[in-house]
$ cat run_24.tsv   # TSV, C-alpha atoms
chain	number	residue	atom	x	y	z
A	910	MET	CA	84.10	94.42	80.81
A	911	ARG	CA	81.17	93.52	78.53
A	912	ALA	CA	79.61	90.34	79.91
A	913	ALA	CA	77.16	87.73	78.65
A	914	VAL	CA	75.37	84.75	80.21
A	915	LEU	CA	74.61	81.57	78.29
A	916	GLY	CA	71.75	79.74	80.01
A	917	CYS	CA	68.93	81.59	81.76
A	918	GLY	CA	67.98	78.97	84.34
A	919	ALA	CA	68.20	79.26	88.12
A	920	ILE	CA	71.97	79.71	88.34
A	921	GLY	CA	72.33	81.72	85.13
A	922	ALA	CA	69.62	84.34	85.59
A	923	GLY	CA	67.62	83.26	88.65
A	924	SER	CA	63.91	82.80	89.32
A	925	GLY	CA	63.09	86.41	90.09
A	926	ALA	CA	62.61	85.79	93.83
A	927	ASP	CA	64.74	87.66	96.34
A	928	PRO	CA	67.65	85.48	97.52
A	929	HIS	CA	68.02	84.40	101.14
A	930	PRO	CA	70.49	86.68	102.96
A	931	ASP	CA	72.81	83.70	103.47
A	932	VAL	CA	72.94	83.29	99.68
A	933	GLY	CA	73.25	86.85	98.41
A	934	VAL	CA	74.47	87.20	94.82
A	935	ILE	CA	74.53	83.69	93.38
A	936	THR	CA	73.34	84.06	89.77
A	937	HIS	CA	75.77	84.92	86.99
A	938	ALA	CA	73.53	87.72	85.71
A	939	GLY	CA	73.22	89.15	89.22
A	940	ALA	CA	76.98	89.04	89.68
A	941	TYR	CA	77.61	90.99	86.48
A	942	GLN	CA	75.05	93.57	87.53
A	943	ALA	CA	76.51	93.87	91.03
A	944	CYS	CA	80.15	94.07	89.94
A	945	ALA	CA	81.18	97.69	89.31
A	946	ASP	CA	83.61	96.63	86.57
A	947	THR	CA	81.20	94.59	84.40
A	948	GLU	CA	78.19	95.37	82.22
A	949	LEU	CA	75.76	92.59	81.34
A	950	VAL	CA	75.04	93.19	77.65
A	951	ALA	CA	73.47	89.88	76.54
A	952	VAL	CA	71.79	86.69	77.72
A	953	CYS	CA	71.07	83.56	75.74
A	954	ASP	CA	68.78	80.57	76.14
A	955	ALA	CA	67.34	77.99	73.76
A	956	ASP	CA	63.91	78.91	75.15
A	957	PRO	CA	63.04	82.35	73.71
A	958	VAL	CA	60.47	83.06	76.44
A	959	ARG	CA	63.03	82.43	79.17
A	960	ALA	CA	65.68	84.46	77.31
A	961	GLU	CA	63.33	87.43	76.96
A	962	ALA	CA	62.29	87.26	80.60
A	963	ALA	CA	65.92	87.25	81.73
A	964	ALA	CA	66.75	90.12	79.37
A	965	ARG	CA	63.93	92.25	80.80
A	966	ARG	CA	64.91	91.48	84.37
A	967	TRP	CA	68.59	92.27	83.94
A	968	GLY	CA	68.44	94.99	81.27
A	969	ALA	CA	70.30	93.03	78.59
A	970	ARG	CA	69.62	91.91	75.03
A	971	ALA	CA	68.09	88.46	74.51
A	972	TYR	CA	69.46	85.84	72.14
A	973	THR	CA	68.57	82.24	71.34
A	974	ASP	CA	71.66	81.60	69.18
A	975	VAL	CA	75.10	81.57	70.80
A	976	ALA	CA	77.00	82.29	67.59
A	977	GLU	CA	74.83	85.34	66.97
A	978	LEU	CA	75.39	86.59	70.51
A	979	LEU	CA	79.17	86.22	70.28
A	980	ALA	CA	79.29	87.97	66.90
A	981	GLU	CA	76.93	90.86	67.71
A	982	ALA	CA	77.32	91.52	71.45
A	983	ARG	CA	81.09	90.82	71.42
A	984	PRO	CA	81.40	90.09	75.14
A	985	GLU	CA	84.76	90.06	76.88
A	986	LEU	CA	83.56	87.87	79.76
A	987	VAL	CA	81.12	84.98	79.27
A	988	SER	CA	79.38	82.64	81.71
A	989	VAL	CA	78.33	79.18	80.57
A	990	ALA	CA	75.44	78.10	82.81
A	991	THR	CA	73.66	75.63	80.53
A	992	PRO	CA	72.88	71.89	81.05
A	993	ASP	CA	75.95	69.69	81.58
A	994	PRO	CA	75.96	67.96	78.14
A	995	THR	CA	76.22	71.35	76.39
A	996	HIS	CA	79.19	72.73	78.34
A	997	ALA	CA	82.04	71.48	76.16
A	998	GLU	CA	80.68	72.73	72.83
A	999	LEU	CA	79.69	76.14	74.19
A	1000	LEU	CA	82.96	76.59	76.05
A	1001	GLU	CA	84.92	75.88	72.88
A	1002	ARG	CA	82.86	78.45	70.98
A	1003	CYS	CA	83.47	81.06	73.66
A	1004	LEU	CA	87.19	80.32	73.89
A	1005	ARG	CA	87.55	80.75	70.13
A	1006	ALA	CA	85.42	83.91	69.89
A	1007	PRO	CA	87.32	87.14	69.12
A	1008	GLY	CA	87.41	89.53	72.03
A	1009	VAL	CA	86.57	87.02	74.78
A	1010	ARG	CA	89.13	87.43	77.56
A	1011	ALA	CA	87.65	85.25	80.30
A	1012	VAL	CA	85.08	82.46	80.68
A	1013	LEU	CA	83.31	81.35	83.87
A	1014	ALA	CA	82.01	77.80	83.45
A	1015	GLU	CA	79.49	75.96	85.54
A	1016	LYS	CA	80.65	72.50	86.52
A	1017	PRO	CA	81.55	70.07	85.16
A	1018	LEU	CA	83.79	71.43	82.42
A	1019	ALA	CA	82.82	68.52	80.19
A	1020	LEU	CA	81.41	65.02	80.40
A	1021	GLU	CA	84.76	63.39	79.59
A	1022	VAL	CA	88.21	64.09	81.02
A	1023	GLU	CA	89.93	64.24	77.63
A	1024	THR	CA	87.47	66.86	76.40
A	1025	ALA	CA	88.07	68.94	79.53
A	1026	ARG	CA	91.82	68.71	79.04
A	1027	ALA	CA	91.43	69.91	75.46
A	1028	LEU	CA	89.39	72.90	76.63
A	1029	VAL	CA	92.07	73.87	79.15
A	1030	ALA	CA	94.73	73.58	76.44
A	1031	LEU	CA	92.63	75.73	74.09
A	1032	ALA	CA	92.17	78.39	76.77
A	1033	ARG	CA	95.92	78.47	77.34
A	1034	GLU	CA	96.59	78.68	73.59
A	1035	ARG	CA	94.10	81.53	73.13
A	1036	GLY	CA	95.24	83.40	76.24
A	1037	VAL	CA	91.74	83.26	77.76
A	1038	ALA	CA	91.24	82.93	81.53
A	1039	LEU	CA	89.10	79.85	82.27
A	1040	ALA	CA	87.45	79.49	85.68
A	1041	VAL	CA	85.14	76.76	86.98
A	1042	ASN	CA	82.37	77.70	89.41
A	1043	TYR	CA	83.10	75.29	92.22
A	1044	SER	CA	81.59	77.98	94.39
A	1045	ARG	CA	83.16	77.14	97.75
A	1046	ARG	CA	86.59	77.94	96.31
A	1047	PHE	CA	85.61	81.60	95.91
A	1048	ALA	CA	84.06	82.11	99.36
A	1049	PRO	CA	86.28	83.98	101.86
A	1050	ALA	CA	85.16	81.68	104.70
A	1051	PHE	CA	86.42	78.64	102.80
A	1052	GLN	CA	89.61	80.39	101.76
A	1053	ARG	CA	90.30	80.97	105.46
A	1054	LEU	CA	89.73	77.26	106.06
A	1055	ARG	CA	92.20	76.44	103.33
A	1056	ALA	CA	94.80	78.68	104.95
A	1057	ASP	CA	94.32	77.05	108.36
A	1058	LEU	CA	91.83	74.34	109.22
A	1059	GLY	CA	92.95	74.64	112.83
A	1060	ILE	CA	92.38	70.98	113.69
A	1061	GLY	CA	95.94	69.68	113.86
A	1062	THR	CA	96.93	66.65	111.83
A	1063	LEU	CA	94.06	65.43	109.66
A	1064	GLN	CA	92.81	61.97	110.71
A	1065	HIS	CA	89.62	61.35	108.71
A	1066	VAL	CA	87.18	63.01	106.30
A	1067	SER	CA	83.62	61.93	105.56
A	1068	GLY	CA	80.79	63.43	103.58
A	1069	LEU	CA	77.64	63.06	101.54
A	1070	TYR	CA	76.03	64.50	98.42
A	1071	VAL	CA	73.24	63.95	95.86
A	1072	LYS	CA	72.55	64.40	92.11
A	1073	GLY	CA	75.36	62.66	90.27
A	1074	LEU	CA	79.08	62.26	90.88
A	1075	ALA	CA	80.11	64.58	88.05
A	1076	HIS	CA	77.31	67.10	88.51
A	1077	ASN	CA	77.34	67.59	92.30
A	1078	GLY	CA	79.90	65.09	93.56
A	1079	THR	CA	82.69	67.08	91.94
A	1080	HIS	CA	81.83	69.98	94.27
A	1081	TRP	CA	82.76	67.67	97.16
A	1082	LEU	CA	85.83	66.22	95.44
A	1083	ASP	CA	87.09	69.69	94.55
A	1084	LEU	CA	86.58	70.90	98.13
A	1085	LEU	CA	88.47	67.84	99.38
A	1086	ARG	CA	91.38	68.74	97.08
A	1087	MET	CA	91.25	72.34	98.31
A	1088	LEU	CA	91.28	71.48	102.04
A	1089	ALA	CA	93.17	68.19	102.25
A	1090	GLY	CA	95.39	67.93	99.16
A	1091	ASP	CA	95.25	65.70	96.12
A	1092	PRO	CA	93.65	62.34	96.97
A	1093	VAL	CA	93.98	58.92	95.39
A	1094	VAL	CA	90.78	56.97	94.76
A	1095	THR	CA	90.87	53.57	96.45
A	1096	SER	CA	87.32	52.35	95.87
A	1097	GLY	CA	84.09	53.16	94.07
A	1098	ARG	CA	80.66	51.64	94.54
A	1099	ASP	CA	77.35	51.91	92.68
A	1100	ARG	CA	75.23	51.28	95.78
A	1101	LEU	CA	72.15	53.21	94.61
A	1102	GLY	CA	72.03	51.80	91.08
A	1103	GLU	CA	70.74	55.04	89.56
A	1104	PRO	CA	70.06	55.08	85.80
A	1105	GLY	CA	71.67	57.52	83.39
A	1106	PRO	CA	75.21	58.57	82.48
A	1107	ASP	CA	76.02	60.27	85.81
A	1108	PRO	CA	74.95	58.07	88.73
A	1109	THR	CA	75.47	59.06	92.35
A	1110	LEU	CA	78.33	56.82	93.51
A	1111	ASP	CA	80.09	56.12	96.81
A	1112	ALA	CA	83.86	56.57	96.99
A	1113	GLU	CA	86.84	56.11	99.28
A	1114	LEU	CA	90.04	58.10	98.84
A	1115	ALA	CA	93.51	58.08	100.41
A	1116	LEU	CA	94.81	61.51	101.42
A	1117	PRO	CA	98.34	62.90	101.73
A	1118	GLY	CA	99.71	62.17	105.19
A	1119	GLY	CA	97.85	58.88	105.57
A	1120	ALA	CA	94.30	60.00	106.37
A	1121	HIS	CA	91.32	58.53	104.52
A	1122	ALA	CA	88.13	60.05	103.09
A	1123	ARG	CA	84.72	58.44	102.59
A	1124	LEU	CA	82.03	59.96	100.37
A	1125	ALA	CA	78.46	58.61	100.40
A	1126	GLY	CA	75.89	59.34	97.71
A	1127	LEU	CA	72.28	59.71	98.87
A	1128	ASP	CA	68.96	59.15	97.11
A	1129	THR	CA	68.49	62.21	94.88
A	1130	GLN	CA	64.68	61.92	95.08
A	1131	ARG	CA	64.53	62.34	98.87
A	1132	PHE	CA	66.27	65.64	99.60
A	1133	THR	CA	69.26	67.80	98.69
A	1134	ALA	CA	72.34	67.44	100.86
A	1135	PHE	CA	76.02	68.35	100.87
A	1136	GLU	CA	78.21	67.85	103.93
A	1137	MET	CA	81.86	67.37	104.79
A	1138	ASP	CA	83.27	66.42	108.19
A	1139	LEU	CA	87.02	66.80	108.81
A	1140	VAL	CA	88.49	65.41	112.03
A	1141	GLY	CA	92.03	66.16	113.15
A	1142	THR	CA	94.15	65.54	116.22
A	1143	LEU	CA	93.22	68.93	117.74
A	1144	GLY	CA	89.64	69.43	116.61
A	1145	ARG	CA	86.98	69.05	114.00
A	1146	VAL	CA	85.32	71.09	111.22
A	1147	ARG	CA	81.82	70.25	109.97
A	1148	ILE	CA	80.55	71.81	106.74
A	1149	THR	CA	76.76	71.51	106.62
A	1150	GLU	CA	73.65	72.91	104.89
A	1151	SER	CA	75.36	72.71	101.48
A	1152	GLY	CA	78.28	74.74	102.82
A	1153	HIS	CA	76.29	77.69	104.16
A	1154	VAL	CA	77.21	76.65	107.72
A	1155	ILE	CA	80.67	75.86	109.10
A	1156	GLU	CA	80.92	74.42	112.60
A	1157	ARG	CA	84.14	74.13	114.58
A	1158	PHE	CA	84.77	71.77	117.49
A	1159	ALA	CA	87.69	71.95	119.93
A	1160	VAL	CA	89.25	69.33	122.17
A	1161	ALA	CA	88.33	69.85	125.84
A	1162	ASP	CA	88.03	67.97	129.11
A	1163	ASP	CA	84.95	65.75	129.26
A	1164	PRO	CA	82.59	67.29	131.84
A	1165	ARG	CA	80.76	63.98	132.28
A	1166	HIS	CA	83.75	61.66	132.61
A	1167	PRO	CA	86.85	63.06	134.36
A	1168	GLY	CA	90.14	62.09	132.75
A	1169	TYR	CA	88.76	61.93	129.20
A	1170	ARG	CA	89.05	64.46	126.37
A	1171	VAL	CA	86.19	65.08	123.93
A	1172	LEU	CA	85.20	67.29	121.01
A	1173	VAL	CA	82.93	70.17	122.02
A	1174	ALA	CA	81.19	72.84	119.93
A	1175	ASP	CA	83.37	75.93	119.70
A	1176	GLU	CA	82.24	78.20	116.82
A	1177	ARG	CA	79.43	78.33	114.24
A	1178	THR	CA	79.59	80.43	111.06
A	1179	THR	CA	76.52	81.03	108.87
A	1180	GLY	CA	76.40	82.65	105.45
A	1181	ALA	CA	79.68	80.99	104.47
A	1182	LEU	CA	78.64	80.94	100.80
A	1183	ARG	CA	77.28	84.47	100.58
A	1184	ASP	CA	77.90	86.22	97.21
A	1185	THR	CA	80.09	83.43	95.85
A	1186	THR	CA	79.41	84.08	92.16
A	1187	LEU	CA	80.10	87.77	92.68
A	1188	HIS	CA	83.44	86.83	94.24
A	1189	ALA	CA	84.20	84.65	91.19
A	1190	VAL	CA	83.39	87.46	88.76
A	1191	THR	CA	85.36	90.03	90.73
A	1192	GLN	CA	88.41	87.78	90.65
A	1193	LEU	CA	88.15	87.23	86.89
A	1194	VAL	CA	87.97	90.97	86.27
A	1195	ARG	CA	91.23	91.29	88.20
A	1196	GLY	CA	92.76	88.52	86.09
A	1197	GLU	CA	92.66	85.99	88.93
A	1198	THR	CA	90.66	82.89	89.84
A	1199	ALA	CA	90.52	80.58	92.85
A	1200	CYS	CA	89.33	77.69	90.68
A	1201	THR	CA	91.06	77.13	87.35
A	1202	GLY	CA	90.33	74.93	84.38
A	1203	GLU	CA	93.05	72.62	85.69
A	1204	ASP	CA	91.07	72.27	88.92
A	1205	GLY	CA	88.04	71.32	86.84
A	1206	VAL	CA	90.06	68.65	85.05
A	1207	ALA	CA	91.40	67.25	88.34
A	1208	ALA	CA	87.86	66.85	89.70
A	1209	LEU	CA	86.82	64.94	86.57
A	1210	GLU	CA	89.88	62.71	86.82
A	1211	LEU	CA	88.69	61.66	90.28
A	1212	VAL	CA	85.21	60.99	88.87
A	1213	GLU	CA	86.70	58.79	86.18
A	1214	ALA	CA	88.74	56.83	88.74
A	1215	VAL	CA	85.70	56.25	90.97
A	1216	ARG	CA	83.60	55.11	88.00
A	1217	GLU	CA	86.29	52.68	86.82
A	1218	LEU	CA	86.35	50.99	90.22
A	1219	ALA	CA	82.56	51.10	90.70
A	1220	PHE	CA	81.85	49.42	87.36
A	1221	ALA	CA	84.90	47.16	87.09
A	1222	GLN	CA	84.15	43.64	85.94
A	1223	PRO	CA	84.60	41.06	88.75
$ encode --input "run_24.tsv" --output "structure tokens"
Amino acid sequence: MRAAVLGCGAIGAGSGADPHPDVGVITHAGAYQACADTELVAVCDADPVRAEAAARRWGARAYTDVAELLAEARPELVSVATPDPTHAELLERCLRAPGVRAVLAEKPLALEVETARALVALARERGVALAVNYSRRFAPAFQRLRADLGIGTLQHVSGLYVKGLAHNGTHWLDLLRMLAGDPVVTSGRDRLGEPGPDPTLDAELALPGGAHARLAGLDTQRFTAFEMDLVGTLGRVRITESGHVIERFAVADDPRHPGYRVLVADERTTGALRDTTLHAVTQLVRGETACTGEDGVAALELVEAVRELAFAQP
């Protein structure tokens, strides 16, 4: 399939540095080059210098105008890896372009839920596969977790994130949906008071089966973080280091206090997010996706519910 990448930043085309072995193929351009069934024919960026640099690196043609790229390069598979406010407009253009069969969108799908719903409806109408790059969905290690967490009945989930509820928080909310089922937002709080349209909010959510989840937003200026901790009746799973590490804990006799049972470290997996964008591209070529446009809409619906409660008038 002829492929194109819109947006030549870090996730679209990369910085040129060799990736850490735990990361592997993470850029969209790198995924199209690595996939045997795709050919990267074009890249596009509003910055002509960055577009040309990406084109040289990946052996593609450079564009600064999306309409021109779609008309001349005629890609069948397009990645949208541009800044969040541009996603909706560019996705609509790609979905309407003749010859486009699949689109891989960076999150979020749009800034508003209704716009995201309209994009999903347009993709369905046009017969175009629409996937959202909530990367943990595509990783085999996380797909195994989805099949069997191995911790018995879920009792509690907690986690933390940075850089905006829609921008990065939806990664956490989507992973919660994947591993624990569809939640219901019960509270939202603007504890940090960040400026801008996408503040980093705290949230609490009720889960199917009666368990509860708590998500804490951290100061974006201090460090990057993404963690999820799932505790069940038979064990625990901790997802740390942005998801690159998965730790399992089992229930065992307490060696310090006879008669008690405690959680003890059992297994540690590294490289859990290796080659995630390549996995996403490979699925799309096969006509499949682990994260659909509908999943993207569901994540934004949770964002909207948290915001409504966080900014509700007393």
$ closest_residue --input "run_24.tsv" --among "A:Gly1202, A:Gly1036, A:Pro1017, A:Pro957" --to "Tyr972 of chain A" --atoms "only C-alpha atoms"
A:Pro957
$ residues_near_point --input "run_24.tsv" --point "(82.9, 74.1, 85.6)" --cutoff "6 Å" --atoms "all atoms listed in the file" --output "list in words"
Ala1014, Glu1015, Lys1016, Pro1017, Leu1018, Val1041, Asn1042 and Gly1205 of chain A
$ residues_around --input "run_24.tsv" --residues "Ser1044 of chain A" --least-positions-apart "2" --cutoff "7 Å" --atoms "only C-alpha atoms" --output "JSON, numbers by chain"
{"A": [1042, 1046, 1047, 1048, 1185, 1186]}
$ closest_residue --input "run_24.tsv" --among "A:Ala1120, A:Ala963, A:Ala1025, A:Leu1069" --to "Glu1136 of chain A" --atoms "all atoms listed in the file"
A:Leu1069
$ closest_atom_pairs --input "run_24.tsv" --of "segment 1043-1145 of chain A" --to "segment 980-999 of chain A" --cutoff "12 Å" --atoms "all atoms listed in the file" --output "JSON lines"
{"residue": "A:Gly1073", "atom": "CA", "partner": "A:Asp993", "partner_atom": "CA", "distance": 11.2}
{"residue": "A:Ala1075", "atom": "CA", "partner": "A:Asp993", "partner_atom": "CA", "distance": 9.2}
{"residue": "A:His1076", "atom": "CA", "partner": "A:Asp993", "partner_atom": "CA", "distance": 7.5}
{"residue": "A:Asn1077", "atom": "CA", "partner": "A:Asp993", "partner_atom": "CA", "distance": 11.0}
{"residue": "A:Pro1106", "atom": "CA", "partner": "A:Pro994", "partner_atom": "CA", "distance": 10.4}
{"residue": "A:Asp1107", "atom": "CA", "partner": "A:Asp993", "partner_atom": "CA", "distance": 10.3}
$ residues_around --input "run_24.tsv" --residues "Phe1132 of chain A" --least-positions-apart "4" --cutoff "10 Å" --atoms "all atoms listed in the file" --output "list in words"
Tyr1070, Val1071, Lys1072, Leu1127 and Asp1128 of chain A
$ atom_distance --input "run_24.tsv" --atom1 "atom CA of Arg1195 of chain A" --atom2 "atom CA of Val1009 of chain A"
14.8 Å
$ atom_distance --input "run_24.tsv" --atom1 "atom CA of Leu1039 of chain A" --atom2 "atom CA of Gln1192 of chain A"
11.6 Å
$ residues_around --input "run_24.tsv" --residues "Val1140 of chain A" --least-positions-apart "2" --cutoff "9 Å" --atoms "all atoms listed in the file" --output "VMD selection string"
chain A and resid 1060 to 1067 1138 1142 to 1147
$ atom_distance --input "run_24.tsv" --atom1 "atom CA of Cys1003 of chain A" --atom2 "atom CA of Val1206 of chain A"
18.1 Å
$ closest_residue --input "run_24.tsv" --among "A:Asp1091, A:Glu1001, A:Glu1156, A:Asp927" --to "Val1037 of chain A" --atoms "only C-alpha atoms"
A:Glu1001
$ axis_aligned_box --input "run_24.tsv" --around "segment 983-993 of chain A" --padding-each-side "3 Å" --output "lines of an AutoDock Vina configuration file"
center_x = 78.8
center_y = 80.3
center_z = 77.1
size_x = 17.9
size_y = 27.1
size_z = 17.4
$ closest_atom_pairs --input "run_24.tsv" --of "segment 1036-1056 of chain A" --to "segment 1084-1088 of chain A" --cutoff "10 Å" --atoms "only C-alpha atoms" --output "Markdown table"
| residue | atom | partner | partner_atom | distance |
| --- | --- | --- | --- | --- |
| A:Tyr1043 | CA | A:Leu1084 | CA | 8.1 |
| A:Ser1044 | CA | A:Leu1084 | CA | 9.4 |
| A:Arg1045 | CA | A:Leu1084 | CA | 7.1 |
| A:Arg1046 | CA | A:Leu1084 | CA | 7.3 |
| A:Phe1051 | CA | A:Leu1088 | CA | 8.7 |
| A:Gln1052 | CA | A:Met1087 | CA | 8.9 |
| A:Leu1054 | CA | A:Leu1088 | CA | 7.2 |
| A:Arg1055 | CA | A:Leu1088 | CA | 5.2 |
| A:Ala1056 | CA | A:Leu1088 | CA | 8.5 |
$ write_last_selection --input "run_24.tsv" --atoms "C-alpha atoms" --output "compact mmCIF listing (two decimals), in the coordinates of the input"
# COMPACT_ATOMS: atom_id res chain seq x y z
CA TYR A 1043 83.10 75.29 92.22
CA SER A 1044 81.59 77.98 94.39
CA ARG A 1045 83.16 77.14 97.75
CA ARG A 1046 86.59 77.94 96.31
CA PHE A 1051 86.42 78.64 102.80
CA GLN A 1052 89.61 80.39 101.76
CA LEU A 1054 89.73 77.26 106.06
CA ARG A 1055 92.20 76.44 103.33
CA ALA A 1056 94.80 78.68 104.95
$ closest_residue --input "run_24.tsv" --among "A:Val932, A:Val1094, A:Leu1020, A:Val1173" --to "Gly1152 of chain A" --atoms "only C-alpha atoms"
A:Val932
$ residues_around --input "run_24.tsv" --residues "segment 1108-1112 of chain A" --least-positions-apart "2" --cutoff "12 Å" --atoms "only C-alpha atoms" --output "PDB file with C-alpha atoms, keeping the file's coordinate frame"
ATOM      1  CA  VAL A1066      87.180  63.010 106.300  1.00  0.00           C
ATOM      2  CA  SER A1067      83.620  61.930 105.560  1.00  0.00           C
ATOM      3  CA  GLY A1068      80.790  63.430 103.580  1.00  0.00           C
ATOM      4  CA  LEU A1069      77.640  63.060 101.540  1.00  0.00           C
ATOM      5  CA  TYR A1070      76.030  64.500  98.420  1.00  0.00           C
ATOM      6  CA  VAL A1071      73.240  63.950  95.860  1.00  0.00           C
ATOM      7  CA  LYS A1072      72.550  64.400  92.110  1.00  0.00           C
ATOM      8  CA  GLY A1073      75.360  62.660  90.270  1.00  0.00           C
ATOM      9  CA  LEU A1074      79.080  62.260  90.880  1.00  0.00           C
ATOM     10  CA  ALA A1075      80.110  64.580  88.050  1.00  0.00           C
ATOM     11  CA  HIS A1076      77.310  67.100  88.510  1.00  0.00           C
ATOM     12  CA  ASN A1077      77.340  67.590  92.300  1.00  0.00           C
ATOM     13  CA  GLY A1078      79.900  65.090  93.560  1.00  0.00           C
ATOM     14  CA  THR A1079      82.690  67.080  91.940  1.00  0.00           C
ATOM     15  CA  TRP A1081      82.760  67.670  97.160  1.00  0.00           C
ATOM     16  CA  LEU A1082      85.830  66.220  95.440  1.00  0.00           C
ATOM     17  CA  PRO A1092      93.650  62.340  96.970  1.00  0.00           C
ATOM     18  CA  VAL A1093      93.980  58.920  95.390  1.00  0.00           C
ATOM     19  CA  VAL A1094      90.780  56.970  94.760  1.00  0.00           C
ATOM     20  CA  THR A1095      90.870  53.570  96.450  1.00  0.00           C
ATOM     21  CA  SER A1096      87.320  52.350  95.870  1.00  0.00           C
ATOM     22  CA  GLY A1097      84.090  53.160  94.070  1.00  0.00           C
ATOM     23  CA  ARG A1098      80.660  51.640  94.540  1.00  0.00           C
ATOM     24  CA  ASP A1099      77.350  51.910  92.680  1.00  0.00           C
ATOM     25  CA  ARG A1100      75.230  51.280  95.780  1.00  0.00           C
ATOM     26  CA  LEU A1101      72.150  53.210  94.610  1.00  0.00           C
ATOM     27  CA  GLY A1102      72.030  51.800  91.080  1.00  0.00           C
ATOM     28  CA  GLU A1103      70.740  55.040  89.560  1.00  0.00           C
ATOM     29  CA  PRO A1104      70.060  55.080  85.800  1.00  0.00           C
ATOM     30  CA  GLY A1105      71.670  57.520  83.390  1.00  0.00           C
ATOM     31  CA  PRO A1106      75.210  58.570  82.480  1.00  0.00           C
ATOM     32  CA  LEU A1114      90.040  58.100  98.840  1.00  0.00           C
ATOM     33  CA  ALA A1115      93.510  58.080 100.410  1.00  0.00           C
ATOM     34  CA  HIS A1121      91.320  58.530 104.520  1.00  0.00           C
ATOM     35  CA  ALA A1122      88.130  60.050 103.090  1.00  0.00           C
ATOM     36  CA  ARG A1123      84.720  58.440 102.590  1.00  0.00           C
ATOM     37  CA  LEU A1124      82.030  59.960 100.370  1.00  0.00           C
ATOM     38  CA  ALA A1125      78.460  58.610 100.400  1.00  0.00           C
ATOM     39  CA  GLY A1126      75.890  59.340  97.710  1.00  0.00           C
ATOM     40  CA  LEU A1127      72.280  59.710  98.870  1.00  0.00           C
ATOM     41  CA  ASP A1128      68.960  59.150  97.110  1.00  0.00           C
ATOM     42  CA  THR A1129      68.490  62.210  94.880  1.00  0.00           C
ATOM     43  CA  GLN A1130      64.680  61.920  95.080  1.00  0.00           C
ATOM     44  CA  LEU A1211      88.690  61.660  90.280  1.00  0.00           C
ATOM     45  CA  VAL A1212      85.210  60.990  88.870  1.00  0.00           C
ATOM     46  CA  GLU A1213      86.700  58.790  86.180  1.00  0.00           C
ATOM     47  CA  ALA A1214      88.740  56.830  88.740  1.00  0.00           C
ATOM     48  CA  VAL A1215      85.700  56.250  90.970  1.00  0.00           C
ATOM     49  CA  ARG A1216      83.600  55.110  88.000  1.00  0.00           C
ATOM     50  CA  GLU A1217      86.290  52.680  86.820  1.00  0.00           C
ATOM     51  CA  LEU A1218      86.350  50.990  90.220  1.00  0.00           C
ATOM     52  CA  ALA A1219      82.560  51.100  90.700  1.00  0.00           C
ATOM     53  CA  PHE A1220      81.850  49.420  87.360  1.00  0.00           C
TER      54      PHE A1220
END
$ residues_around --input "run_24.tsv" --residues "Arg1026 of chain A" --least-positions-apart "4" --cutoff "8 Å" --atoms "all atoms listed in the file" --output "PyMOL selection string"
chain A and resi 1022+1030+1203+1206
$ closest_residue --input "run_24.tsv" --among "A:Gly918, A:Gly933, A:Gly968, A:Gly923" --to "Asp956 of chain A" --atoms "all atoms listed in the file"
A:Gly918
$ closest_residue --input "run_24.tsv" --among "A:Ala955, A:Ala960, A:Ala1040, A:Ala926" --to "Gly1196 of chain A" --atoms "only C-alpha atoms"
A:Ala1040
